[in-house]
Protein chains: 2
Amino acid sequence: MKIGYVQYDPIFGAIDRNIEKVIALMEPLEADLLVLPELCMTGYLITSREEALALAEEVPGGKTTNALCRAARDKDCFIVAGLAERDGENIYNSAVLVGPEGFIACYRKIHLFFEEKLWFTPGDGGFQVHDLPIGKIGIMICFDWFFPESMRALALKGAQVVCHPANLVLPFCQDAMKTRCLENRVFAVTANRTGCEERGGKLLSYTGLSQITGPGGDIVHRCGGAEEIAVAADVDVERALIKSINEYNDLFSDRRTEFYSGLFKE
Amino acid sequence: MKIGYVQYDPIFGAIDRNIEKVIALMEPLEADLLVLPELCMTGYLITSREEALALAEEVPGGKTTNALCRAARDKDCFIVAGLAERDGENIYNSAVLVGPEGFIACYRKIHLFFEEKLWFTPGDGGFQVHDLPIGKIGIMICFDWFFPESMRALALKGAQVVCHPANLVLPFCQDAMKTRCLENRVFAVTANRTGCEERGGKLLSYTGLSQITGPGGDIVHRCGGAEEIAVAADVDVERALIKSINEYNDLFSDRRTEFYSGLFKE
């Protein structure tokens, strides 16, 4: 099975141009599952709630989701992509999962980062795993990685591949994903954006280095910091079903939940 | 405040010699808190339950705990050290916390690794935090690191420094501790042993590289793989009280426990 990502530098607010660019990058690539960055068609550096409202789209039915559904059908693959979702007066930092037969699911980011809290409503749908013909797929977005509970919840629900759209500006995530994948024995695809955004007196520089991480904490593929690229790697997603560590230890049955107080809603 | 560790190569079963060696390594070092490796006076590569029973000691009251209490008094410091604890017919892979005024607490390893399950009883006391004059101290032992719930439970209970006696044979822990400390904003002292053990047809090679890790995921100090050494570093443990990430995000209040299903006893 081929899993991969698109790393690129979207132009803020230029949704049509960005869709065209992403489609062109994906076009020559053969893949079963592709992950695109967070807010991949709008850009990230929103400066007001009004701006966010104007950029956000209905899911399903919006321009971005429709374009991704067409691409998934044309390429006969599954795509996970971050986008700004509008639902009535609420805006979510979401990611859609689409496939050859159309829209499948939408994940709303649970742990919002920094000023995202000013525009977006925190996700209300929990961490969900989707049983696809290619394997069980979970989704988390960018800063969700920081909370070990995110990937743990997805892994406990059976995720074999965690799709991780991101707009990373700090240097910690890529190395941390090795630990996240090792401790959960899953694959992860961190699709980061690259480039800079300068808006409203603020400047953000995105770190690129998008990464496919394996269940042994191994880096299957990591690209450069600045390149615009679509990449897919052959992986055996069955590896993520093996939770045995050795003849005495098992990743999940060795968990001693009676001593994990404070980790849950009390 | 000075926190540190002793890394050394114990001789299997030679408890008196090992105590003498550790005391000699600690002697010239000024420190407020010192962490010694897992099973630091017995050696690790036990080959039968009878052997484990013969090496295990009462806590408090055994030879190792008494020697550590004397050292803590003489050095006016706190010490966390791994040892084999006997309690009736049960043997635990434990760590004692002792201070200038004597024995304080014992932690029994919760996540046993590999053949440890043949000799040791799994810990039954949970993850505890101890409020000392130098700060709040938590303890976990070696393989506990692999489960993110271990350090999370300690951090949620207020630990500023996680004392981590270890006998590591795999290469993953030291780098993972950067993520563990970053995600919990705590200090950790991973005191690993060095050297090899060859017993009963088995050979284990320990990785050394003992490490003091900071709440920013920074390596405060990491020693070599093979050296026998006692090290302490000046740290500001108040740093571990700051759970604010930026003006919008907080490590703990941003946790959305309602979505962490499966992480606790259901």
# chains A, B, ... in the order shown; residues from 1 in each chain; ligands from 1

$ interface_residues --of "chain A" --to "chain B" --cutoff "6 Å" --atoms "only C-alpha atoms" --output "JSON list (two decimals) with C-alpha atoms, in the first residue's frame"
[["chain", "number", "residue", "atom", "x", "y", "z"],
["A", 114, "PHE", "CA", -2.68, 29.94, 19.91],
["A", 126, "GLY", "CA", -13.84, 13.15, 19.36],
["A", 153, "ALA", "CA", -7.10, 7.37, 21.65],
["A", 176, "ALA", "CA", 8.27, 13.48, 18.63],
["A", 179, "THR", "CA", 7.97, 8.34, 19.90],
["A", 248, "TYR", "CA", 6.07, -11.22, 27.47],
["A", 257, "THR", "CA", -5.36, 1.65, 33.45],
["A", 258, "GLU", "CA", -6.23, 1.38, 37.13],
["A", 259, "PHE", "CA", -3.16, 3.54, 37.81],
["A", 260, "TYR", "CA", -3.73, 6.15, 35.11],
["A", 264, "PHE", "CA", -9.70, 10.94, 32.10],
["A", 265, "LYS", "CA", -12.70, 13.09, 32.89]]

$ residues_around --residues "region 190-205 of chain A" --least-positions-apart "5" --cutoff "7 Å" --atoms "only C-alpha atoms" --output "list in words"
Tyr5, Val6, Gln7, Tyr8, Asp9, Val35, Leu36, Pro37, Leu45, Thr47, Cys163, His164, Pro165, Ala166, Asn167, Leu168, Val169, Ser210, Gln211, Ile212, Gly225 and Ala226 of chain A

$ select_by_dssp --residues "region 8-256 of chain B" --states "strand (DSSP E)" --output "PyMOL selection string"
chain B and resi 33-35+78-87+90-99+102-108+129-132+135-139+161-165+187-191+196-199+202-205+211-213+219-222+229-234

$ residues_around --residues "Ala233 (chain B)" --least-positions-apart "6" --cutoff "9 Å" --atoms "only C-alpha atoms" --output "list in words"
Met1, Lys2, Ile3, Gly4, Ala31, Ile212, Val220 and His221 of chain B

$ write_last_selection --atoms "C-alpha atoms" --output "PDB file, in the first residue's frame"
ATOM      1  CA  MET B   1      19.163  23.010  42.968  1.00  0.00           C
ATOM      2  CA  LYS B   2      21.501  20.264  41.844  1.00  0.00           C
ATOM      3  CA  ILE B   3      19.989  17.090  40.440  1.00  0.00           C
ATOM      4  CA  GLY B   4      21.979  14.216  39.052  1.00  0.00           C
ATOM      5  CA  ALA B  31      23.850  17.311  44.876  1.00  0.00           C
ATOM      6  CA  ILE B 212      18.956  14.811  32.647  1.00  0.00           C
ATOM      7  CA  VAL B 220      20.524  19.283  30.281  1.00  0.00           C
ATOM      8  CA  HIS B 221      23.175  16.604  30.448  1.00  0.00           C
TER       9      HIS B 221
END

$ atom_distance --atom1 "CA of Glu20 (chain B)" --atom2 "CA of Val96 (chain B)"
17.8 Å

$ atom_distance --atom1 "CA of Ala24 (chain B)" --atom2 "CA of Ala71 (chain B)"
10.1 Å

$ select_by_dssp --residues "region 2-145 of chain B" --states "alpha helix (DSSP H)" --output "VMD selection string"
chain B and resid 15 to 26 49 to 55 63 to 75 116 to 119

$ atom_distance --atom1 "CA of Tyr44 (chain A)" --atom2 "CA of Phe143 (chain A)"
13.4 Å

$ residues_around --residues "Glu50 (chain A)" --least-positions-apart "5" --cutoff "10 Å" --atoms "only C-alpha atoms" --output "list in words"
Leu55, Ala56 and Trp119 of chain A

$ write_last_selection --atoms "all heavy atoms" --output "PDB file, in the first residue's frame"
ATOM      1  N   LEU A  55     -13.665  32.681   4.439  1.00  0.00           N
ATOM      2  CA  LEU A  55     -12.871  31.620   3.807  1.00  0.00           C
ATOM      3  C   LEU A  55     -13.446  30.224   4.053  1.00  0.00           C
ATOM      4  O   LEU A  55     -13.186  29.294   3.289  1.00  0.00           O
ATOM      5  CB  LEU A  55     -11.433  31.657   4.332  1.00  0.00           C
ATOM      6  CG  LEU A  55     -10.569  32.826   3.869  1.00  0.00           C
ATOM      7  CD1 LEU A  55      -9.275  32.872   4.679  1.00  0.00           C
ATOM      8  CD2 LEU A  55     -10.260  32.707   2.367  1.00  0.00           C
ATOM      9  N   ALA A  56     -14.212  30.083   5.130  1.00  0.00           N
ATOM     10  CA  ALA A  56     -14.675  28.748   5.524  1.00  0.00           C
ATOM     11  C   ALA A  56     -15.752  28.238   4.568  1.00  0.00           C
ATOM     12  O   ALA A  56     -16.472  29.015   3.943  1.00  0.00           O
ATOM     13  CB  ALA A  56     -15.199  28.787   6.951  1.00  0.00           C
ATOM     14  N   TRP A 119     -10.713  32.289  16.355  1.00  0.00           N
ATOM     15  CA  TRP A 119     -11.594  32.151  15.176  1.00  0.00           C
ATOM     16  C   TRP A 119     -12.364  30.836  15.168  1.00  0.00           C
ATOM     17  O   TRP A 119     -13.479  30.778  14.665  1.00  0.00           O
ATOM     18  CB  TRP A 119     -10.824  32.257  13.848  1.00  0.00           C
ATOM     19  CG  TRP A 119      -9.439  32.827  13.878  1.00  0.00           C
ATOM     20  CD1 TRP A 119      -8.284  32.181  13.554  1.00  0.00           C
ATOM     21  CD2 TRP A 119      -9.053  34.169  14.223  1.00  0.00           C
ATOM     22  NE1 TRP A 119      -7.207  33.019  13.693  1.00  0.00           N
ATOM     23  CE2 TRP A 119      -7.644  34.255  14.102  1.00  0.00           C
ATOM     24  CE3 TRP A 119      -9.745  35.303  14.646  1.00  0.00           C
ATOM     25  CZ2 TRP A 119      -6.922  35.400  14.372  1.00  0.00           C
ATOM     26  CZ3 TRP A 119      -9.032  36.457  14.916  1.00  0.00           C
ATOM     27  CH2 TRP A 119      -7.648  36.501  14.777  1.00  0.00           C
TER      28      TRP A 119
END

$ residues_around --residues "Ile104 (chain B)" --least-positions-apart "6" --cutoff "12 Å" --atoms "only C-alpha atoms" --output "list in words"
Val59, Pro60, Thr65, Asn66, Leu68, Cys69, Ala72, Phe78, Ile79, Val80, Ala95, Val96, Leu97, Val98, Gln128, Val129, His130, Asp131, Leu132 and Ile137 of chain B

$ write_last_selection --atoms "C-alpha atoms" --output "PDB file, in the first residue's frame"
ATOM      1  CA  VAL B  59      12.118  -2.182  52.423  1.00  0.00           C
ATOM      2  CA  PRO B  60      12.812  -0.410  54.670  1.00  0.00           C
ATOM      3  CA  THR B  65      18.079   0.820  51.921  1.00  0.00           C
ATOM      4  CA  ASN B  66      20.109   1.219  55.104  1.00  0.00           C
ATOM      5  CA  LEU B  68      21.393   4.557  51.022  1.00  0.00           C
ATOM      6  CA  CYS B  69      19.895   6.180  54.117  1.00  0.00           C
ATOM      7  CA  ALA B  72      21.708  10.481  52.111  1.00  0.00           C
ATOM      8  CA  PHE B  78      17.783  12.831  48.580  1.00  0.00           C
ATOM      9  CA  ILE B  79      18.454   9.595  46.721  1.00  0.00           C
ATOM     10  CA  VAL B  80      16.218   7.483  44.495  1.00  0.00           C
ATOM     11  CA  ALA B  95      12.865   2.067  43.861  1.00  0.00           C
ATOM     12  CA  VAL B  96      13.322   3.656  47.256  1.00  0.00           C
ATOM     13  CA  LEU B  97      13.322   7.356  48.022  1.00  0.00           C
ATOM     14  CA  VAL B  98      15.493   8.224  51.001  1.00  0.00           C
ATOM     15  CA  GLN B 128       2.981   8.719  43.664  1.00  0.00           C
ATOM     16  CA  VAL B 129       4.416  12.201  44.010  1.00  0.00           C
ATOM     17  CA  HIS B 130       6.411  13.218  47.085  1.00  0.00           C
ATOM     18  CA  ASP B 131       6.416  16.794  48.311  1.00  0.00           C
ATOM     19  CA  LEU B 132      10.006  17.320  49.493  1.00  0.00           C
ATOM     20  CA  ILE B 137       9.417  14.284  43.073  1.00  0.00           C
TER      21      ILE B 137
END

$ residues_around --residues "Asn18 (chain A)" --least-positions-apart "6" --cutoff "8 Å" --atoms "only C-alpha atoms" --output "NGL selection string"
:A and (10-11 or 40-42)

$ write_last_selection --atoms "N, CA and C atoms" --output "PDB file, in the first residue's frame"
ATOM      1  N   PRO A  10       0.869  27.204   0.093  1.00  0.00           N
ATOM      2  CA  PRO A  10      -0.353  27.827  -0.435  1.00  0.00           C
ATOM      3  C   PRO A  10      -0.258  29.357  -0.381  1.00  0.00           C
ATOM      4  N   ILE A  11      -1.003  30.000  -1.244  1.00  0.00           N
ATOM      5  CA  ILE A  11      -1.100  31.465  -1.207  1.00  0.00           C
ATOM      6  C   ILE A  11      -2.351  31.823  -0.417  1.00  0.00           C
ATOM      7  N   CYS A  40      -5.331  23.659   4.043  1.00  0.00           N
ATOM      8  CA  CYS A  40      -4.409  23.582   2.906  1.00  0.00           C
ATOM      9  C   CYS A  40      -4.830  24.425   1.707  1.00  0.00           C
ATOM     10  N   MET A  41      -6.077  24.871   1.653  1.00  0.00           N
ATOM     11  CA  MET A  41      -6.478  25.691   0.514  1.00  0.00           C
ATOM     12  C   MET A  41      -6.653  27.169   0.880  1.00  0.00           C
ATOM     13  N   THR A  42      -6.777  27.470   2.172  1.00  0.00           N
ATOM     14  CA  THR A  42      -7.006  28.865   2.578  1.00  0.00           C
ATOM     15  C   THR A  42      -5.737  29.585   2.991  1.00  0.00           C
TER      16      THR A  42
END

$ closest_residue --among "B:Glu89, B:Asp74, B:Ala105, B:Ala14" --to "Arg49 (chain B)" --atoms "only C-alpha atoms"
B:Glu89

$ closest_residue --among "A:Ala52, A:Val235, A:Ile141, A:Cys77" --to "Pro215 (chain A)" --atoms "only C-alpha atoms"
A:Val235
